[in-house]
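Chemist: Below you'll find work33.cif; it's mmCIF, C-alpha atoms.
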data_model
#
loop_
_atom_site.group_PDB
_atom_site.id
_atom_site.type_symbol
_atom_site.label_atom_id
_atom_site.label_comp_id
_atom_site.auth_asym_id
_atom_site.auth_seq_id
_atom_site.Cartn_x
_atom_site.Cartn_y
_atom_site.Cartn_z
ATOM 1 C CA MET C 11 10.844 -7.008 -36.977
ATOM 2 C CA ILE C 12 12.750 -6.781 -33.731
ATOM 3 C CA LYS C 13 11.639 -9.008 -30.879
ATOM 4 C CA TYR C 14 12.437 -8.376 -27.279
ATOM 5 C CA PHE C 15 11.098 -9.620 -24.006
ATOM 6 C CA ILE C 16 10.899 -7.478 -20.888
ATOM 7 C CA MET C 17 10.645 -9.098 -17.508
ATOM 8 C CA LEU C 18 9.745 -7.060 -14.421
ATOM 9 C CA GLY C 19 9.812 -8.698 -11.056
ATOM 10 C CA THR C 20 10.495 -8.825 -7.364
ATOM 11 C CA LEU C 21 13.890 -9.763 -5.949
ATOM 12 C CA THR C 22 14.200 -12.533 -3.383
ATOM 13 C CA LYS C 23 15.814 -11.819 0.008
ATOM 14 C CA ILE C 24 19.049 -13.472 -1.176
ATOM 15 C CA GLU C 25 19.044 -11.357 -4.365
ATOM 16 C CA MET C 26 18.407 -8.163 -2.358
ATOM 17 C CA GLU C 27 21.263 -8.946 0.024
ATOM 18 C CA THR C 28 23.534 -9.682 -2.947
ATOM 19 C CA VAL C 29 22.772 -6.254 -4.436
ATOM 20 C CA LEU C 30 23.423 -4.611 -1.050
ATOM 21 C CA ARG C 31 26.743 -6.469 -0.626
ATOM 22 C CA ASN C 32 27.944 -5.752 -4.185
ATOM 23 C CA GLN C 33 27.388 -1.985 -4.236
ATOM 24 C CA VAL C 34 29.223 0.741 -2.307
ATOM 25 C CA ILE C 35 27.029 3.814 -2.878
ATOM 26 C CA GLY C 36 23.453 4.150 -1.656
ATOM 27 C CA ARG C 37 21.087 6.965 -0.748
ATOM 28 C CA ILE C 38 19.869 7.687 2.766
ATOM 29 C CA GLY C 39 16.509 9.345 3.174
ATOM 30 C CA CYS C 40 15.841 11.026 6.518
ATOM 31 C CA SER C 41 13.607 13.786 7.814
ATOM 32 C CA ASN C 42 13.549 16.537 10.391
ATOM 33 C CA GLY C 43 9.758 16.439 10.436
ATOM 34 C CA GLU C 44 9.350 19.306 7.992
ATOM 35 C CA GLU C 45 11.506 18.301 5.046
ATOM 36 C CA VAL C 46 12.905 15.072 3.646
ATOM 37 C CA TYR C 47 16.650 14.950 3.026
ATOM 38 C CA VAL C 48 18.252 12.423 0.668
ATOM 39 C CA VAL C 49 22.014 12.103 0.318
ATOM 40 C CA PRO C 50 24.350 9.562 -1.324
ATOM 41 C CA MET C 51 26.669 7.687 1.027
ATOM 42 C CA SER C 52 29.336 5.022 0.739
ATOM 43 C CA TYR C 53 28.498 2.002 2.868
ATOM 44 C CA VAL C 54 29.085 -1.671 3.631
ATOM 45 C CA TYR C 55 26.321 -4.230 4.196
ATOM 46 C CA GLU C 56 26.606 -7.181 6.563
ATOM 47 C CA ALA C 57 23.961 -9.419 8.149
ATOM 48 C CA GLY C 58 20.998 -7.071 8.415
ATOM 49 C CA PHE C 59 22.992 -3.863 8.947
ATOM 50 C CA ILE C 60 24.194 -1.070 6.674
ATOM 51 C CA TYR C 61 27.387 0.547 8.055
ATOM 52 C CA VAL C 62 28.429 4.135 7.276
ATOM 53 C CA HIS C 63 31.224 6.535 8.251
ATOM 54 C CA THR C 64 30.453 10.248 7.932
ATOM 55 C CA TRP C 65 30.826 13.672 9.522
ATOM 56 C CA ASP C 66 28.361 15.620 11.627
ATOM 57 C CA GLY C 67 25.845 17.598 9.624
ATOM 58 C CA LYS C 68 22.229 17.825 8.540
ATOM 59 C CA LYS C 69 21.709 14.098 7.909
ATOM 60 C CA VAL C 70 23.174 13.059 11.261
ATOM 61 C CA GLN C 71 21.191 15.704 13.138
ATOM 62 C CA ASN C 72 17.997 14.561 11.384
ATOM 63 C CA MET C 73 18.652 10.873 12.131
ATOM 64 C CA ARG C 74 19.469 11.528 15.787
ATOM 65 C CA ALA C 75 16.145 13.341 16.169
ATOM 66 C CA ARG C 76 14.135 10.911 14.019
ATOM 67 C CA PRO C 77 15.901 7.552 13.675
ATOM 68 C CA LYS C 78 13.503 6.041 11.115
ATOM 69 C CA VAL C 79 15.334 6.111 7.768
ATOM 70 C CA CYS C 80 15.118 4.782 4.263
ATOM 71 C CA PHE C 81 18.112 3.536 2.275
ATOM 72 C CA GLU C 82 18.096 2.849 -1.484
ATOM 73 C CA VAL C 83 20.660 1.066 -3.651
ATOM 74 C CA GLU C 84 20.619 0.188 -7.329
ATOM 75 C CA GLN C 85 22.654 -1.900 -9.691
ATOM 76 C CA VAL C 86 22.154 -0.547 -13.213
ATOM 77 C CA GLN C 87 23.516 -2.124 -16.361
ATOM 78 C CA ASP C 88 21.292 0.019 -18.592
ATOM 79 C CA MET C 89 17.718 1.351 -18.579
ATOM 80 C CA ALA C 90 16.316 -2.092 -19.425
ATOM 81 C CA ASN C 91 18.501 -4.117 -17.053
ATOM 82 C CA TRP C 92 18.586 -3.043 -13.427
ATOM 83 C CA LYS C 93 17.960 -4.055 -9.824
ATOM 84 C CA SER C 94 16.874 -1.781 -6.989
ATOM 85 C CA VAL C 95 16.642 -2.405 -3.240
ATOM 86 C CA MET C 96 14.755 -0.207 -0.777
ATOM 87 C CA VAL C 97 15.435 -0.615 2.960
ATOM 88 C CA GLN C 98 13.325 0.692 5.819
ATOM 89 C CA GLY C 99 15.325 0.786 9.020
ATOM 90 C CA SER C 100 16.516 2.655 12.058
ATOM 91 C CA PHE C 101 19.618 4.769 12.632
ATOM 92 C CA GLU C 102 21.971 3.601 15.405
ATOM 93 C CA GLU C 103 25.023 5.724 16.177
ATOM 94 C CA LEU C 104 28.017 3.601 17.209
ATOM 95 C CA LEU C 105 29.874 5.146 20.123
ATOM 96 C CA PRO C 106 33.665 5.597 20.161
ATOM 97 C CA GLY C 107 35.434 2.656 21.769
ATOM 98 C CA SER C 108 32.470 0.299 21.393
ATOM 99 C CA PRO C 109 33.003 -3.154 19.859
ATOM 100 C CA GLU C 110 30.245 -2.362 17.320
ATOM 101 C CA ARG C 111 32.081 0.764 16.103
ATOM 102 C CA LYS C 112 35.361 -1.138 15.818
ATOM 103 C CA HIS C 113 33.628 -3.869 13.813
ATOM 104 C CA ALA C 114 31.956 -1.301 11.548
ATOM 105 C CA LEU C 115 35.236 0.540 10.897
ATOM 106 C CA LYS C 116 36.998 -2.725 10.096
ATOM 107 C CA LEU C 117 34.281 -3.580 7.543
ATOM 108 C CA LEU C 118 34.373 -0.081 6.049
ATOM 109 C CA ILE C 119 38.158 -0.002 5.777
ATOM 110 C CA GLU C 120 38.268 -3.438 4.163
ATOM 111 C CA GLY C 121 35.294 -2.785 1.885
ATOM 112 C CA ILE C 122 35.428 0.858 0.842
ATOM 113 C CA VAL C 123 38.874 2.367 1.404
ATOM 114 C CA PRO C 124 40.532 0.115 -1.224
ATOM 115 C CA LEU C 125 38.029 1.475 -3.770
ATOM 116 C CA ARG C 126 38.497 5.170 -2.920
ATOM 117 C CA SER C 127 41.543 7.391 -3.084
ATOM 118 C CA SER C 128 39.961 10.714 -2.154
ATOM 119 C CA ALA C 129 40.914 12.889 0.791
ATOM 120 C CA ILE C 130 37.765 11.666 2.536
ATOM 121 C CA ALA C 131 38.937 8.047 2.271
ATOM 122 C CA ARG C 132 42.365 9.043 3.542
ATOM 123 C CA SER C 133 40.720 10.744 6.533
ATOM 124 C CA LEU C 134 39.180 7.391 7.454
ATOM 125 C CA ALA C 135 42.513 5.601 7.040
ATOM 126 C CA PRO C 136 45.412 8.060 6.596
ATOM 127 C CA GLU C 137 47.789 5.112 6.355
ATOM 128 C CA TRP C 138 46.099 4.193 3.039
ATOM 129 C CA PRO C 139 46.416 1.643 1.543
ATOM 130 C CA PHE C 140 46.972 0.039 4.944
ATOM 131 C CA PRO C 141 44.523 -0.104 7.865
ATOM 132 C CA PRO C 142 45.120 2.352 10.706
ATOM 133 C CA LYS C 143 47.313 1.157 13.565
ATOM 134 C CA ASP C 144 44.666 2.131 16.131
ATOM 135 C CA ILE C 145 41.107 1.941 14.804
ATOM 136 C CA ASP C 146 39.893 3.912 17.853
ATOM 137 C CA GLN C 147 41.732 6.968 16.498
ATOM 138 C CA VAL C 148 39.496 7.206 13.401
ATOM 139 C CA SER C 149 37.500 10.413 13.779
ATOM 140 C CA GLY C 150 34.044 11.156 12.496
ATOM 141 C CA ILE C 151 30.720 9.483 13.083
ATOM 142 C CA VAL C 152 30.078 5.811 12.507
ATOM 143 C CA PHE C 153 26.526 4.536 12.372
ATOM 144 C CA ARG C 154 24.533 1.618 11.170
ATOM 145 C CA ILE C 155 21.068 1.208 9.835
ATOM 146 C CA ARG C 156 19.273 -1.739 11.388
ATOM 147 C CA VAL C 157 17.268 -3.251 8.528
ATOM 148 C CA HIS C 158 13.594 -3.728 9.429
ATOM 149 C CA GLU C 159 12.204 -4.331 5.957
ATOM 150 C CA MET C 160 13.608 -4.694 2.431
ATOM 151 C CA THR C 161 11.897 -4.625 -0.923
ATOM 152 C CA GLY C 162 13.561 -5.198 -4.260
ATOM 153 C CA ARG C 163 12.559 -4.906 -7.885
ATOM 154 C CA PHE C 164 14.234 -5.656 -11.185
ATOM 155 C CA GLU C 165 13.830 -5.263 -14.912
ATOM 156 C CA LYS C 166 15.552 -7.538 -17.364
ATOM 157 C CA GLU C 167 15.361 -7.327 -21.122
ATOM 158 C CA ALA C 168 16.393 -10.203 -23.367
ATOM 159 C CA ASP C 169 17.428 -9.514 -26.965
ATOM 160 C CA ALA C 170 17.545 -5.810 -26.152
ATOM 161 C CA TYR C 171 16.934 -3.396 -28.983
ATOM 162 C CA ASP C 172 19.804 -0.910 -29.387
ATOM 163 C CA PHE C 173 17.974 2.273 -30.430
ATOM 164 C CA ALA C 174 21.169 4.289 -30.931
ATOM 165 C CA LYS C 175 22.764 1.681 -33.203
ATOM 166 C CA ASN C 176 19.606 0.953 -35.187
ATOM 167 C CA ASN C 177 18.735 4.629 -35.693
ATOM 168 C CA GLN C 178 22.092 5.186 -37.425
ATOM 169 C CA GLU C 179 21.334 2.645 -40.148
#
Would you mind giving the structure from this file in structure tokens?

Modeler:
Amino acid sequence: MIKYFIMLGTLTKIEMETVLRNQVIGRIGCSNGEEVYVVPMSYVYEAGFIYVHTWDGKKVQNMRARPKVCFEVEQVQDMANWKSVMVQGSFEELLPGSPERKHALKLLIEGIVPLRSSAIARSLAPEWPFPPKDIDQVSGIVFRIRVHEMTGRFEKEADAYDFAKNNQE
């Protein structure tokens, strides 16, 4: 007989912030009033804000018109061991030359660019793997999500049953 224990629960604020800080891909949910649009985005989390660099398009147009957004992140080890954080917040576009945009770009370059080697990452910092000489020259749109509310859940299984391994015996 195989014994296992499943624990489902709610993450604390510290645990939710740890998940947000330790991941780099999340999903933004926004709406134009008629349809909901969800898209994965690379991001950095710091002190109640989620920072993102992107290009103009459907998501940005939706968020400019309706700044209430949802952002979801998960940390998955397997189907029985995971954590998920859901953020309700508001979109704030950071204007070129502003101290907030410079701060956001610095965080993004330090936190994401070292992990990515795609053309998109190089467009953020063409000097890769070094930061740009003039951060004001980074093109694209930089925004943050001001966190209004966070919820987090987890599942943890002890003595997990390996169905694939045990079905081969």

Chemist: Using all atoms listed in the file, can you tell me which of C:Ile145, C:Gly150, C:Tyr55, C:Cys80 comes closest to Ser108 of chain C?

Modeler: C:Ile145

Chemist: Using all atoms listed in the file - which residues lie no farther than 12 Å from the point (30.8, -6.8, 13.5) in the file's frame? Write them as a list in words.

Modeler: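 Residues with an atom close enough to that point: Val54, Tyr55, Glu56, Ala57, Gly58, Phe59, Ile60, Tyr61, Leu104, Ser108, Pro109, Glu110, Arg111, Lys112, His113, Ala114, Leu115, Lys116, Leu117, Leu118 and Arg154 of chain C.
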
Chemist: Go ahead and save the residues from that selection, with C-alpha atoms, as an mmCIF file, in the frame of the given file.

Modeler:
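Everything below was put into result.cif:
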data_model
loop_
_atom_site.group_PDB
_atom_site.id
_atom_site.type_symbol
_atom_site.label_atom_id
_atom_site.label_comp_id
_atom_site.auth_asym_id
_atom_site.auth_seq_id
_atom_site.Cartn_x
_atom_site.Cartn_y
_atom_site.Cartn_z
ATOM 1 C CA VAL C 54 29.085 -1.671 3.631
ATOM 2 C CA TYR C 55 26.321 -4.230 4.196
ATOM 3 C CA GLU C 56 26.606 -7.181 6.563
ATOM 4 C CA ALA C 57 23.961 -9.419 8.149
ATOM 5 C CA GLY C 58 20.998 -7.071 8.415
ATOM 6 C CA PHE C 59 22.992 -3.863 8.947
ATOM 7 C CA ILE C 60 24.194 -1.070 6.674
ATOM 8 C CA TYR C 61 27.387 0.547 8.055
ATOM 9 C CA LEU C 104 28.017 3.601 17.209
ATOM 10 C CA SER C 108 32.470 0.299 21.393
ATOM 11 C CA PRO C 109 33.003 -3.154 19.859
ATOM 12 C CA GLU C 110 30.245 -2.362 17.320
ATOM 13 C CA ARG C 111 32.081 0.764 16.103
ATOM 14 C CA LYS C 112 35.361 -1.138 15.818
ATOM 15 C CA HIS C 113 33.628 -3.869 13.813
ATOM 16 C CA ALA C 114 31.956 -1.301 11.548
ATOM 17 C CA LEU C 115 35.236 0.540 10.897
ATOM 18 C CA LYS C 116 36.998 -2.725 10.096
ATOM 19 C CA LEU C 117 34.281 -3.580 7.543
ATOM 20 C CA LEU C 118 34.373 -0.081 6.049
ATOM 21 C CA ARG C 154 24.533 1.618 11.170
#

Chemist: Run the PyMOL selection byres ((chain C and resi 68) around 12) against the file shown and list the residues it catches, as number ranges by chain.

Modeler: C: 38-42, 45-49, 64-67, 69-76

Chemist: Name every residue that the PyMOL selection byres ((chain C and resi 21-24) around 6) selects in this structure, writing the answer as a VMD selection string with chains first and numbers rising.

Modeler: chain C and resid 20 25 to 27 162 to 163

Chemist: How would you write, as a list in words, the residues chosen by the PyMOL selection byres ((chain C and resi 164) around 6) on this structure?

Modeler: Leu18, Gly19, Trp92, Lys93, Arg163 and Glu165 of chain C

Chemist: Tell me which protein, DNA and RNA residues are within 7 Å of Met160 of chain C, counting only C-alpha atoms, leaving out same-chain ones fewer than 4 positions away, and put them as a PyMOL selection string.

Modeler: chain C and resi 95-98

Chemist: Could you work out how far atom CA of Glu103 of chain C lies from atom CA of Ile119 of chain C, giving the answer in Å with one decimal?

Modeler: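 About the pair atom CA of Ile119 of chain C and atom CA of Glu103 of chain C: they are 17.7 Å apart.
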
Chemist: Kindly give the distance, in Å, that separates atom CA of Pro77 of chain C and atom CA of His158 of chain C, rounded to a single decimal.

Modeler: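 Computed distance, atom CA of Pro77 of chain C to atom CA of His158 of chain C, equals 12.3 Å.
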
Chemist: What is the distance, in Å and to one decimal place, between atom CA of His63 of chain C and atom CA of Gln85 of chain C?

Modeler: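 Separation of atom CA of His63 of chain C and atom CA of Gln85 of chain C: 21.6 Å.
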